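input05.json follows (JSON, C-alpha atoms):
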[["chain", "number", "residue", "atom", "x", "y", "z"],
["R", 224, "MET", "CA", 148.34, 80.77, 46.32],
["R", 225, "ARG", "CA", 150.47, 78.35, 44.37],
["R", 226, "VAL", "CA", 152.26, 77.04, 47.48],
["R", 227, "HIS", "CA", 148.88, 75.94, 48.87],
["R", 228, "LEU", "CA", 148.10, 74.23, 45.55],
["R", 229, "LEU", "CA", 151.40, 72.38, 45.72],
["R", 230, "THR", "CA", 150.69, 71.48, 49.35],
["R", 231, "SER", "CA", 147.31, 69.98, 48.44],
["R", 232, "ILE", "CA", 148.99, 67.94, 45.70],
["R", 233, "PHE", "CA", 151.68, 66.78, 48.14],
["R", 234, "VAL", "CA", 149.16, 65.92, 50.85],
["R", 235, "SER", "CA", 147.04, 64.01, 48.34],
["R", 236, "MET", "CA", 150.19, 62.16, 47.30],
["R", 237, "LEU", "CA", 150.78, 61.17, 50.94],
["R", 238, "LEU", "CA", 147.17, 60.07, 51.33],
["R", 239, "THR", "CA", 147.37, 58.06, 48.15],
["R", 240, "ALA", "CA", 150.32, 56.44, 49.82],
["R", 241, "CYS", "CA", 147.28, 54.54, 52.39],
["R", 242, "GLY", "CA", 144.67, 51.36, 50.93],
["R", 243, "GLY", "CA", 144.64, 49.13, 47.94],
["R", 244, "THR", "CA", 146.32, 45.84, 47.21],
["R", 245, "LYS", "CA", 149.91, 45.27, 48.25],
["R", 246, "THR", "CA", 152.76, 45.67, 45.81],
["R", 247, "ILE", "CA", 155.23, 42.80, 45.71],
["R", 248, "VAL", "CA", 158.73, 44.24, 45.69],
["R", 249, "PRO", "CA", 161.44, 42.08, 44.17],
["R", 250, "GLU", "CA", 164.68, 41.90, 46.10],
["R", 251, "PRO", "CA", 167.26, 44.26, 44.62],
["R", 252, "GLU", "CA", 170.13, 42.50, 42.90],
["R", 253, "ALA", "CA", 173.78, 43.30, 43.44],
["R", 254, "VAL", "CA", 174.62, 46.55, 41.71],
["R", 255, "GLU", "CA", 177.74, 48.31, 40.53],
["R", 256, "PHE", "CA", 177.93, 51.60, 42.37],
["R", 257, "ALA", "CA", 180.41, 53.05, 39.87],
["R", 258, "LYS", "CA", 177.67, 53.71, 37.30],
["R", 259, "TYR", "CA", 174.10, 54.83, 37.80],
["R", 260, "ARG", "CA", 171.23, 55.77, 35.51],
["R", 261, "TYR", "CA", 170.96, 59.34, 36.76],
["R", 262, "ALA", "CA", 173.97, 61.64, 36.73],
["R", 263, "ALA", "CA", 174.40, 64.33, 39.38],
["R", 264, "ASN", "CA", 174.99, 67.02, 36.76],
["R", 265, "ALA", "CA", 172.35, 69.71, 37.38],
["R", 266, "THR", "CA", 173.42, 73.33, 37.80],
["R", 267, "MET", "CA", 173.44, 74.30, 41.45],
["R", 268, "THR", "CA", 173.64, 77.62, 43.25],
["R", 269, "ARG", "CA", 176.22, 78.19, 45.97],
["R", 270, "GLU", "CA", 173.39, 78.73, 48.43],
["R", 271, "PRO", "CA", 173.00, 76.01, 51.07],
["R", 272, "VAL", "CA", 169.57, 75.37, 52.55],
["R", 273, "ALA", "CA", 169.07, 73.42, 55.75],
["R", 274, "THR", "CA", 166.40, 71.95, 57.99],
["R", 275, "ASP", "CA", 165.39, 74.02, 61.00],
["R", 276, "ASP", "CA", 167.53, 71.86, 63.30],
["R", 277, "GLY", "CA", 170.52, 72.11, 60.94],
["R", 278, "ARG", "CA", 170.92, 68.36, 60.76],
["R", 279, "LEU", "CA", 170.42, 68.17, 57.00],
["R", 280, "ARG", "CA", 171.89, 70.63, 54.49],
["R", 281, "VAL", "CA", 171.86, 70.65, 50.68],
["R", 282, "LEU", "CA", 172.66, 73.10, 47.90],
["R", 283, "ARG", "CA", 169.75, 74.75, 46.14],
["R", 284, "PRO", "CA", 169.39, 73.91, 42.43],
["R", 285, "ASP", "CA", 169.41, 76.81, 39.99],
["R", 286, "GLY", "CA", 165.81, 77.86, 39.24],
["R", 287, "TRP", "CA", 164.46, 76.34, 42.46],
["R", 288, "MET", "CA", 163.42, 77.98, 45.72],
["R", 289, "ARG", "CA", 162.77, 76.90, 49.27],
["R", 290, "THR", "CA", 159.21, 76.81, 50.55],
["R", 291, "ALA", "CA", 157.31, 75.52, 53.59],
["R", 292, "ASP", "CA", 153.77, 74.94, 54.76],
["R", 293, "PRO", "CA", 153.91, 73.78, 58.41],
["R", 294, "LYS", "CA", 150.12, 73.83, 58.75],
["R", 295, "ASN", "CA", 149.28, 71.52, 55.83],
["R", 296, "ALA", "CA", 152.55, 69.60, 55.41],
["R", 297, "PRO", "CA", 154.17, 69.51, 58.87],
["R", 298, "SER", "CA", 156.16, 66.33, 58.20],
["R", 299, "ILE", "CA", 158.32, 67.93, 55.51],
["R", 300, "LEU", "CA", 161.70, 68.87, 56.96],
["R", 301, "LEU", "CA", 163.03, 70.57, 53.83],
["R", 302, "TRP", "CA", 161.07, 71.48, 50.69],
["R", 303, "LEU", "CA", 162.40, 72.81, 47.39],
["R", 304, "VAL", "CA", 160.07, 73.88, 44.59],
["R", 305, "ARG", "CA", 160.89, 74.75, 41.00],
["R", 306, "GLU", "CA", 160.15, 78.40, 40.30],
["R", 307, "ASP", "CA", 157.34, 77.52, 37.86],
["R", 308, "TYR", "CA", 155.81, 75.19, 40.52],
["R", 309, "SER", "CA", 156.02, 72.23, 38.12],
["R", 310, "ALA", "CA", 157.99, 69.99, 40.50],
["R", 311, "SER", "CA", 159.18, 69.68, 44.08],
["R", 312, "ILE", "CA", 161.87, 67.89, 46.05],
["R", 313, "SER", "CA", 161.01, 67.17, 49.66],
["R", 314, "PHE", "CA", 162.77, 65.52, 52.58],
["R", 315, "ALA", "CA", 160.65, 63.86, 55.27],
["R", 316, "PRO", "CA", 161.31, 61.25, 57.98],
["R", 317, "ILE", "CA", 159.97, 57.73, 57.97],
["R", 318, "ASN", "CA", 158.60, 57.72, 61.50],
["R", 319, "MET", "CA", 159.21, 54.61, 63.59],
["R", 320, "ASP", "CA", 160.24, 53.63, 67.09],
["R", 321, "PRO", "CA", 163.95, 53.03, 67.93],
["R", 322, "THR", "CA", 163.54, 49.24, 67.96],
["R", 323, "LEU", "CA", 162.15, 49.13, 64.42],
["R", 324, "TYR", "CA", 164.79, 51.61, 63.28],
["R", 325, "GLN", "CA", 167.56, 49.33, 64.55],
["R", 326, "THR", "CA", 165.92, 46.23, 63.06],
["R", 327, "LEU", "CA", 165.64, 47.82, 59.62],
["R", 328, "ARG", "CA", 169.13, 49.24, 59.88],
["R", 329, "ASP", "CA", 170.43, 45.71, 60.46],
["R", 330, "GLU", "CA", 168.44, 44.42, 57.47],
["R", 331, "GLY", "CA", 169.79, 47.11, 55.15],
["R", 332, "ILE", "CA", 168.52, 50.17, 53.29],
["R", 333, "ALA", "CA", 166.69, 48.07, 50.67],
["R", 334, "ALA", "CA", 164.42, 46.77, 53.45],
["R", 335, "VAL", "CA", 163.65, 50.37, 54.43],
["R", 336, "ALA", "CA", 162.74, 51.21, 50.83],
["R", 337, "SER", "CA", 160.48, 48.16, 50.76],
["R", 338, "VAL", "CA", 158.63, 49.46, 53.84],
["R", 339, "SER", "CA", 158.39, 52.91, 52.24],
["R", 340, "LEU", "CA", 156.93, 51.50, 49.02],
["R", 341, "ARG", "CA", 154.40, 49.35, 50.86],
["R", 342, "LEU", "CA", 153.22, 52.40, 52.79],
["R", 343, "LYS", "CA", 152.70, 54.26, 49.51],
["R", 344, "ASP", "CA", 150.67, 51.36, 48.16],
["R", 345, "ARG", "CA", 148.69, 50.89, 51.37],
["R", 346, "HIS", "CA", 147.62, 54.51, 51.44],
["R", 347, "ALA", "CA", 146.73, 54.71, 47.75],
["R", 348, "GLU", "CA", 143.11, 54.75, 46.61],
["R", 349, "ASP", "CA", 144.10, 52.22, 43.93],
["R", 350, "SER", "CA", 147.18, 50.09, 43.54],
["R", 351, "ILE", "CA", 150.14, 52.15, 42.46],
["R", 352, "SER", "CA", 152.12, 51.24, 39.37],
["R", 353, "VAL", "CA", 155.80, 50.53, 40.08],
["R", 354, "VAL", "CA", 157.90, 51.81, 37.18],
["R", 355, "GLN", "CA", 161.32, 51.07, 38.66],
["R", 356, "PRO", "CA", 161.67, 48.48, 41.44],
["R", 357, "ILE", "CA", 163.99, 49.12, 44.35],
["R", 358, "GLU", "CA", 167.59, 49.66, 43.33],
["R", 359, "LEU", "CA", 170.69, 50.53, 45.30],
["R", 360, "PHE", "CA", 173.19, 53.21, 44.38],
["R", 361, "LYS", "CA", 175.87, 55.32, 46.03],
["R", 362, "VAL", "CA", 175.92, 59.10, 45.92],
["R", 363, "GLY", "CA", 178.14, 61.40, 47.98],
["R", 364, "GLY", "CA", 179.65, 58.33, 49.67],
["R", 365, "ARG", "CA", 176.22, 57.24, 50.95],
["R", 366, "ILE", "CA", 174.39, 54.07, 49.93],
["R", 367, "CYS", "CA", 170.75, 54.85, 49.08],
["R", 368, "ALA", "CA", 167.77, 52.88, 47.83],
["R", 369, "ALA", "CA", 165.33, 54.27, 45.27],
["R", 370, "TYR", "CA", 162.14, 53.29, 43.51],
["R", 371, "GLU", "CA", 159.82, 54.98, 41.01],
["R", 372, "TYR", "CA", 156.06, 54.75, 40.69],
["R", 373, "ARG", "CA", 152.94, 56.28, 39.17],
["R", 374, "LEU", "CA", 149.62, 56.94, 40.87],
["R", 375, "ALA", "CA", 147.73, 56.45, 37.58],
["R", 376, "ALA", "CA", 148.64, 55.28, 34.09],
["R", 377, "ALA", "CA", 148.87, 58.79, 32.62],
["R", 378, "ASP", "CA", 150.56, 60.43, 35.62],
["R", 379, "PRO", "CA", 154.22, 61.48, 35.66],
["R", 380, "VAL", "CA", 156.70, 59.26, 37.50],
["R", 381, "ILE", "CA", 157.51, 59.98, 41.15],
["R", 382, "ARG", "CA", 160.94, 58.96, 42.46],
["R", 383, "VAL", "CA", 161.57, 58.19, 46.13],
["R", 384, "VAL", "CA", 165.09, 57.88, 47.52],
["R", 385, "VAL", "CA", 165.54, 56.44, 51.02],
["R", 386, "PHE", "CA", 168.68, 56.85, 53.12],
["R", 387, "ASP", "CA", 169.94, 56.58, 56.70],
["R", 388, "THR", "CA", 171.27, 59.65, 58.51],
["R", 389, "GLY", "CA", 172.63, 57.54, 61.37],
["R", 390, "THR", "CA", 169.73, 58.39, 63.67],
["R", 391, "ARG", "CA", 166.69, 58.07, 61.40],
["R", 392, "PHE", "CA", 165.60, 57.16, 57.88],
["R", 393, "LEU", "CA", 164.60, 59.93, 55.50],
["R", 394, "GLU", "CA", 162.76, 59.94, 52.18],
["R", 395, "CYS", "CA", 163.72, 62.36, 49.42],
["R", 396, "VAL", "CA", 160.77, 62.58, 47.01],
["R", 397, "LEU", "CA", 160.87, 64.11, 43.54],
["R", 398, "PHE", "CA", 157.26, 64.92, 42.70],
["R", 399, "PRO", "CA", 156.34, 66.36, 39.27],
["R", 400, "SER", "CA", 153.19, 68.41, 39.84],
["R", 401, "SER", "CA", 152.60, 69.03, 36.12],
["R", 402, "MET", "CA", 150.69, 66.42, 34.13],
["R", 403, "ASP", "CA", 152.39, 67.68, 30.96],
["R", 404, "VAL", "CA", 155.89, 66.57, 31.89],
["R", 405, "THR", "CA", 157.56, 64.55, 29.12],
["R", 406, "PRO", "CA", 159.65, 61.43, 29.83],
["R", 407, "ALA", "CA", 162.79, 63.44, 29.01],
["R", 408, "GLU", "CA", 161.77, 66.20, 31.44],
["R", 409, "ASN", "CA", 160.87, 63.58, 34.05],
["R", 410, "ARG", "CA", 164.37, 62.12, 33.73],
["R", 411, "ARG", "CA", 165.97, 65.54, 33.97],
["R", 412, "LEU", "CA", 164.08, 66.17, 37.21],
["R", 413, "PHE", "CA", 165.54, 62.94, 38.60],
["R", 414, "GLU", "CA", 169.00, 64.25, 37.70],
["R", 415, "VAL", "CA", 168.26, 67.44, 39.65],
["R", 416, "GLN", "CA", 167.20, 65.30, 42.61],
["R", 417, "GLN", "CA", 170.37, 63.24, 42.25],
["R", 418, "THR", "CA", 172.50, 66.40, 42.29],
["R", 419, "VAL", "CA", 170.75, 67.64, 45.43],
["R", 420, "LEU", "CA", 171.49, 64.30, 47.08],
["R", 421, "ALA", "CA", 175.15, 64.53, 46.01],
["R", 422, "SER", "CA", 175.40, 67.93, 47.73],
["R", 423, "MET", "CA", 173.85, 66.69, 50.97],
["R", 424, "ASN", "CA", 175.44, 66.80, 54.41],
["R", 425, "THR", "CA", 173.84, 65.30, 57.49],
["R", 426, "HIS", "CA", 174.79, 65.84, 61.13],
["R", 427, "ALA", "CA", 173.70, 64.34, 64.40],
["R", 428, "ALA", "CA", 171.88, 66.60, 66.84],
["R", 429, "GLY", "CA", 174.27, 69.06, 68.42],
["R", 430, "GLU", "CA", 176.96, 68.71, 65.71],
["R", 431, "GLN", "CA", 178.01, 71.70, 63.65]]
Whole structure, structure tokens version:
Amino acid sequence: MRVHLLTSIFVSMLLTACGGTKTIVPEPEAVEFAKYRYAANATMTREPVATDDGRLRVLRPDGWMRTADPKNAPSILLWLVREDYSASISFAPINMDPTLYQTLRDEGIAAVASVSLRLKDRHAEDSISVVQPIELFKVGGRICAAYEYRLAAADPVIRVVVFDTGTRFLECVLFPSSMDVTPAENRRLFEVQQTVLASMNTHAAGEQ
């Protein structure tokens, strides 16, 4: 089944995120939040999709569907897949204890993205190739940090966006599962991801 194929690709992506040499991440420079490289201009449905606990809710992009595979990808809180299975957008927590969460929160979201990127590099079979170093931007009133990388020279670019919900850090990963994606298509996928992020609402446990 194609969902299982996508799961294996996703799991292998997570595993590739564990060995290899460390990537040195330059400190992000001050940025203008008024302009950003990716516009939130994808066509969206009016259908909201949410995590099981209701603490994160987004709109579903047109031509995308929700999926899940708790057995093989239990860490994914919310998973959207394009109908042709050529790409996915997933939300997953960066697991850490409360002390580390508070420390990183004090240091800022760029520090969280730096930890996220180092984990990807540490778990990779070979060193990953960073295409876009950590950058800050604001979407939907929320300051996020993003970076882009490849697992191999000919692979499509994966984009990871890190943000703080107020109780935990989450990663939103745009993963092209097709090796035939063009740079223009890769960029358009990032715009879909950006639109999903712009539609996002987060709530603390117990809030409606």
> For Cys367 (chain R), which residue among R:Ser422, R:Asn318, R:Gln417, R:Thr326 is the nearest when counting only C-alpha atoms?
Replying inline: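 Of all the options, R:Gln417 lies closest to Cys367 (chain R).
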>> Between R:Leu393, R:Met288, R:Ile312, R:Leu303, which residue has the minimum interatomic distance to Tyr324 (chain R), considering all atoms listed in the file?
In response: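 Once distances to Tyr324 (chain R) are computed over all atoms listed in the file, the minimum belongs to R:Leu393.
Using all atoms listed in the file, the shortest contact distance between Met402 (chain R) and any of R:Gln355, R:Ser339, R:Ser309, R:Gln325 is found at R:Ser309.
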>> Please determine, counting all atoms listed in the file, which residue among R:Val396, R:Ala407, R:Ile381, R:Val281 has the shortest atom-to-atom distance to Ile299 (chain R).
In response: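 Answer, going by the shortest atom-to-atom distance: R:Val396.
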> What does the distance from CA of Leu279 (chain R) to CA of Asn424 (chain R) come to in Å, to one decimal?
Replying inline: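 Pair CA of Leu279 (chain R) / CA of Asn424 (chain R) returns 5.8 Å.
Computed from the coordinates, the CA of Ser311 (chain R) to CA of Phe398 (chain R) distance equals 5.3 Å.
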